[in-house]
file run_10.txt (compact mmCIF, C-alpha atoms and all ligand atoms)
# COMPACT_ATOMS: atom_id res chain seq x y z
CA MET A 1 -56.15 26.57 -26.67
CA PRO A 2 -54.83 23.76 -24.51
CA GLN A 3 -52.54 22.40 -27.20
CA ARG A 4 -50.88 25.78 -27.68
CA LEU A 5 -50.46 26.15 -23.96
CA PHE A 6 -48.88 22.72 -23.80
CA LEU A 7 -46.46 23.65 -26.59
CA SER A 8 -45.41 26.88 -24.95
CA VAL A 9 -44.85 25.12 -21.64
CA LEU A 10 -42.77 22.54 -23.48
CA GLY A 11 -40.83 25.34 -25.16
CA ALA A 12 -40.18 27.06 -21.85
CA VAL A 13 -38.96 23.83 -20.32
CA ALA A 14 -36.62 23.28 -23.26
CA ILE A 15 -35.23 26.82 -22.98
CA VAL A 16 -34.63 26.54 -19.25
CA GLY A 17 -33.02 23.14 -19.77
CA ALA A 18 -30.73 24.46 -22.49
CA ALA A 19 -29.77 27.45 -20.36
CA GLY A 20 -28.96 25.07 -17.55
CA LEU A 21 -26.68 23.07 -19.81
CA ALA A 22 -25.02 26.21 -21.10
CA LEU A 23 -24.46 27.52 -17.59
CA HIS A 24 -23.17 24.23 -16.42
CA PRO A 25 -19.39 24.41 -16.76
CA SER A 26 -17.68 21.67 -18.69
CA GLY A 27 -18.18 18.47 -16.80
CA GLY A 28 -15.47 16.56 -15.05
CA MET A 29 -14.40 19.42 -12.82
CA ARG A 30 -15.15 17.46 -9.71
CA GLN A 31 -12.79 14.79 -10.99
CA GLU A 32 -10.03 17.37 -11.42
CA ARG A 33 -8.67 16.75 -8.02
CA THR A 34 -5.24 16.23 -6.57
CA TRP A 35 -4.13 15.85 -3.02
CA SER A 36 -0.67 17.17 -3.73
CA PRO A 37 0.35 19.94 -1.34
CA LEU A 38 -0.47 23.55 -2.10
CA LEU A 39 2.22 25.96 -3.24
CA GLU A 40 4.75 23.35 -4.24
CA GLY A 41 8.11 25.04 -4.73
CA ALA A 42 7.29 28.00 -2.51
CA GLU A 43 8.82 28.63 0.89
CA ILE A 44 6.03 28.98 3.39
CA ASP A 45 5.76 28.33 7.11
CA PRO A 46 3.15 25.81 8.25
CA GLY A 47 1.10 28.45 10.11
CA THR A 48 0.56 30.63 7.03
CA LEU A 49 -0.06 27.61 4.83
CA CYS A 50 -2.73 26.49 7.26
CA ILE A 51 -4.56 29.83 6.89
CA LEU A 52 -4.51 29.55 3.10
CA GLU A 53 -5.82 26.00 3.32
CA ARG A 54 -8.62 27.11 5.56
CA ALA A 55 -9.67 30.23 3.64
CA CYS A 56 -8.64 29.74 0.01
CA GLN A 57 -8.06 26.15 -0.98
CA ASN A 58 -11.70 25.22 -1.57
CA CYS A 59 -11.89 27.58 -4.53
CA HIS A 60 -8.26 28.16 -5.53
CA SER A 61 -6.92 24.62 -5.66
CA GLU A 62 -7.81 21.14 -6.77
CA ARG A 63 -8.34 20.09 -3.18
CA THR A 64 -11.93 21.30 -3.24
CA ARG A 65 -14.32 19.88 -0.71
CA TRP A 66 -17.66 20.28 -2.40
CA PRO A 67 -20.28 21.40 0.13
CA TRP A 68 -23.68 19.69 0.09
CA TYR A 69 -25.38 22.62 -1.64
CA SER A 70 -22.88 22.34 -4.50
CA HIS A 71 -24.74 19.21 -5.59
CA VAL A 72 -28.14 20.89 -5.86
CA PRO A 73 -29.04 23.02 -8.88
CA PRO A 74 -29.07 25.96 -9.31
CA ALA A 75 -26.53 26.46 -6.49
CA SER A 76 -24.35 23.79 -8.08
CA TRP A 77 -23.96 25.84 -11.27
CA LEU A 78 -22.94 28.93 -9.33
CA VAL A 79 -20.47 27.09 -7.14
CA GLN A 80 -18.88 25.25 -10.04
CA ARG A 81 -18.57 28.45 -12.03
CA ASP A 82 -17.02 30.15 -9.00
CA VAL A 83 -14.44 27.42 -8.53
CA LYS A 84 -13.65 27.31 -12.23
CA GLN A 85 -13.06 31.08 -12.32
CA ALA A 86 -11.10 31.02 -9.08
CA ARG A 87 -8.77 28.28 -10.34
CA GLY A 88 -8.40 30.16 -13.62
CA HIS A 89 -7.02 33.16 -11.75
CA LEU A 90 -5.00 31.30 -9.18
CA ASN A 91 -4.54 27.57 -8.72
CA LEU A 92 -2.50 26.79 -5.63
CA SER A 93 -2.25 23.15 -6.72
CA ARG A 94 -0.34 24.22 -9.86
CA TRP A 95 2.12 26.64 -8.33
CA GLN A 96 5.11 24.86 -9.84
CA ASP A 97 3.64 25.44 -13.34
CA TYR A 98 3.77 29.24 -12.99
CA GLY A 99 6.89 31.07 -14.10
CA ALA A 100 8.75 33.44 -11.78
CA ASP A 101 6.99 36.51 -13.18
CA GLU A 102 3.58 34.93 -12.80
CA ARG A 103 4.35 33.93 -9.23
CA GLN A 104 5.43 37.48 -8.46
CA ALA A 105 2.22 38.88 -9.91
CA LEU A 106 0.06 36.31 -8.14
CA LEU A 107 1.79 36.89 -4.82
CA SER A 108 1.12 40.61 -4.98
CA ALA A 109 -2.51 39.90 -5.97
CA ILE A 110 -2.85 37.47 -3.04
CA GLY A 111 -1.41 40.06 -0.66
CA ALA A 112 -3.69 42.82 -1.94
CA ALA A 113 -6.85 40.70 -2.09
CA THR A 114 -6.32 39.33 1.40
CA ARG A 115 -5.25 42.53 3.06
CA SER A 116 -8.15 44.51 1.58
CA GLY A 117 -10.63 41.83 2.67
CA VAL A 118 -11.83 41.15 -0.90
CA MET A 119 -10.81 37.50 -0.44
CA PRO A 120 -12.22 35.18 0.73
CA PRO A 121 -15.49 36.57 -0.72
CA SER A 122 -18.16 37.42 1.84
CA ARG A 123 -20.70 35.25 0.01
CA TYR A 124 -18.39 32.37 0.94
CA THR A 125 -17.54 33.30 4.54
CA ALA A 126 -21.27 33.76 5.20
CA LEU A 127 -21.77 30.05 4.48
CA HIS A 128 -18.38 28.93 5.86
CA PRO A 129 -17.77 30.93 9.04
CA GLY A 130 -14.59 28.93 9.70
CA SER A 131 -12.96 30.55 6.69
CA LYS A 132 -13.22 34.10 8.07
CA LEU A 133 -9.84 35.75 8.63
CA SER A 134 -8.82 37.97 11.51
CA GLY A 135 -6.87 41.15 10.91
CA ALA A 136 -3.72 39.45 12.21
CA GLU A 137 -4.18 36.54 9.81
CA ARG A 138 -4.62 38.92 6.88
CA GLU A 139 -1.38 40.67 7.84
CA GLN A 140 0.39 37.31 8.19
CA ILE A 141 -0.53 36.33 4.64
CA TYR A 142 0.44 39.76 3.35
CA HIS A 143 3.87 39.56 5.02
CA TRP A 144 4.44 36.10 3.65
CA THR A 145 3.69 37.29 0.09
CA ARG A 146 6.27 40.05 0.54
CA SER A 147 9.03 37.79 1.77
CA GLU A 148 8.28 35.16 -0.88
CA ARG A 149 8.41 37.82 -3.58
CA ALA A 150 11.76 39.01 -2.27
CA ARG A 151 13.02 35.43 -2.29
CA ILE A 152 11.95 34.89 -5.91
CA ALA A 153 13.57 38.18 -6.93
CA ASP A 154 16.80 37.19 -5.22
CA PRO A 155 17.09 33.40 -5.08
CA SER A 156 20.34 33.57 -3.13
CA ARG A 157 18.19 34.35 -0.10
CA SER A 158 16.64 30.90 -0.36
CA ALA A 159 18.01 27.41 0.11
CA PRO A 160 18.82 27.97 3.78
CA ARG A 161 20.20 24.45 4.04
CA SER A 162 22.95 24.98 1.48
CA GLN A 163 23.72 28.38 2.98
CA HIS A 164 24.03 26.67 6.28
CA MET A 165 26.55 24.27 4.80
CA GLY A 166 28.41 27.15 3.18
CA VAL A 167 27.76 25.77 -0.31
CA LYS A 168 26.04 27.68 -3.11
CA PRO A 169 23.09 25.91 -4.70
CA GLU A 170 24.97 25.46 -8.05
CA GLU A 171 27.93 23.84 -6.31
CA ARG A 172 25.60 21.64 -4.38
CA THR A 173 23.94 20.42 -7.56
CA ALA A 174 27.38 19.80 -9.08
CA ALA A 175 28.43 17.88 -5.99
CA MET A 176 25.33 15.75 -6.33
CA GLY A 177 26.39 14.94 -9.89
CA GLY A 178 23.47 16.91 -11.37
C1 LIG A 201 -15.80 31.23 -2.99
C2 LIG A 201 -14.54 30.86 -3.55
C3 LIG A 201 -13.31 31.68 -3.24
C4 LIG A 201 -12.56 31.69 -2.08
C5 LIG A 201 -12.82 30.91 -0.81
C6 LIG A 201 -11.43 32.54 -2.34
N1 LIG A 201 -11.51 33.06 -3.60
FE1 LIG A 201 -10.15 34.23 -4.52
N2 LIG A 201 -11.32 34.34 -6.21
C7 LIG A 201 -12.53 33.69 -6.36
C8 LIG A 201 -13.09 34.01 -7.67
C9 LIG A 201 -14.40 33.48 -8.23
C10 LIG A 201 -12.15 34.86 -8.29
C11 LIG A 201 -12.21 35.47 -9.68
C12 LIG A 201 -13.33 36.37 -9.90
C13 LIG A 201 -13.27 37.58 -9.07
O1 LIG A 201 -12.36 38.40 -9.28
O2 LIG A 201 -14.15 37.74 -8.19
C14 LIG A 201 -11.06 35.05 -7.35
C15 LIG A 201 -9.95 35.81 -7.59
C16 LIG A 201 -8.83 35.84 -6.77
C17 LIG A 201 -7.58 36.44 -7.11
C18 LIG A 201 -7.26 37.06 -8.44
C19 LIG A 201 -7.27 38.52 -8.45
C20 LIG A 201 -6.53 39.01 -9.66
O3 LIG A 201 -6.24 40.19 -9.65
O4 LIG A 201 -6.22 38.23 -10.58
C21 LIG A 201 -6.74 36.28 -6.05
C22 LIG A 201 -5.30 36.73 -5.93
C23 LIG A 201 -7.48 35.58 -5.03
N3 LIG A 201 -8.75 35.32 -5.49
C24 LIG A 201 -6.96 35.22 -3.80
C25 LIG A 201 -7.66 34.54 -2.83
C26 LIG A 201 -7.11 34.23 -1.53
C27 LIG A 201 -5.71 34.60 -1.08
C28 LIG A 201 -8.08 33.57 -0.84
C29 LIG A 201 -8.03 33.11 0.59
C30 LIG A 201 -7.63 34.07 1.57
C31 LIG A 201 -9.24 33.45 -1.73
N4 LIG A 201 -8.93 34.07 -2.91
C32 LIG A 201 -10.42 32.82 -1.42
C33 LIG A 201 -13.13 32.84 -5.45
C34 LIG A 201 -12.65 32.56 -4.18
call {"tool": "encode", "arguments": {"input": "run_10.txt", "output": "structure tokens"}}
result
Amino acid sequence: MPQRLFLSVLGAVAIVGAAGLALHPSGGMRQERTWSPLLEGAEIDPGTLCILERACQNCHSERTRWPWYSHVPPASWLVQRDVKQARGHLNLSRWQDYGADERQALLSAIGAATRSGVMPPSRYTALHPGSKLSGAEREQIYHWTRSERARIADPSRSAPRSQHMGVKPEERTAAMGG
């Protein structure tokens, strides 16, 4: 019966449409965007930062450059879900909002994920060959996570400028009237 057929087609279209809406992560994510530097408050050399920008920032920060295919469903749903999950685990644009314990845990996760080759995901490097990391780059990130963890655990290691001046950070703040 043509009418029945029409109704079931209509039903199927409605179901697919609803599933699409459900899959589609809450809107406005593309607007969630800042150009503030990554890892604010961390001590990181420009070379290592550059590697993280190249291989991680698209998913793990608010400085996402949305590739062309991220505008075309159904790829767009997958990409947006990926970025949402990635930022949920680790958002390099919000580093200053994490407490010391969280930073420690994230640093060891970054070191492990990078060193083992789990991150960046191969589904991503396949489409973005420029984000592939060499073994030396993986080690570089891993070593940075170790020294940054040590610095957080023992803050007296940091603030090289005040050490250089022979003034402890507290005294320096006091001298600045803070
Ligand atoms: C394609 C986007 C994408 C890129 C690029 C990417 N990640 Fe991820 N990352 C994810 C997603 C999605 C998750 C969460 C789901 C999962 O575990 O697969 C995640 C999870 C993580 C976690 C959390 C693991 C945990 O135990 O909580 C860390 C740490 C991480 N990524 C580090 C990195 C680092 C470092 C880079 C760059 C070298 C990177 N990622 C590149 C998508 C990405």
call {"tool": "atom_distance", "arguments": {"input": "run_10.txt", "atom1": "atom CA of A:Thr145", "atom2": "atom C1 of ligand LIG 201 (chain A)"}}
result
20.6 Å
call {"tool": "residues_near_ligand", "arguments": {"input": "run_10.txt", "ligand": "ligand LIG 201 (chain A)", "cutoff": "9 Å", "atoms": "only C-alpha atoms and all ligand atoms", "output": "PyMOL selection string"}}
result
chain A and resi 51-60+79+81-90+105-115+117-125+128+131-133+138+141
call {"tool": "atom_distance", "arguments": {"input": "run_10.txt", "atom1": "atom CA of A:Glu139", "atom2": "atom CA of A:Arg103"}}
result
19.2 Å
call {"tool": "atom_distance", "arguments": {"input": "run_10.txt", "atom1": "atom CA of A:Ala100", "atom2": "atom CA of A:Arg65"}}
result
29.0 Å
call {"tool": "closest_residue", "arguments": {"input": "run_10.txt", "among": "A:Glu62, A:Ala42, A:Leu49, A:Leu78", "to": "A:Met29", "atoms": "all atoms listed in the file"}}
result
A:Glu62
call {"tool": "closest_residue", "arguments": {"input": "run_10.txt", "among": "A:Arg146, A:Arg157, A:Arg151, A:Arg30", "to": "A:Ser76", "atoms": "only C-alpha atoms"}}
result
A:Arg30
call {"tool": "closest_residue", "arguments": {"input": "run_10.txt", "among": "A:Ser36, A:Ile44, A:Ala75, A:Trp95", "to": "A:Glu148", "atoms": "all atoms listed in the file"}}
result
A:Ile44
call {"tool": "closest_residue", "arguments": {"input": "run_10.txt", "among": "A:Thr64, A:Ser147, A:Thr48, A:Ser156", "to": "A:Glu32", "atoms": "all atoms listed in the file"}}
result
A:Thr64
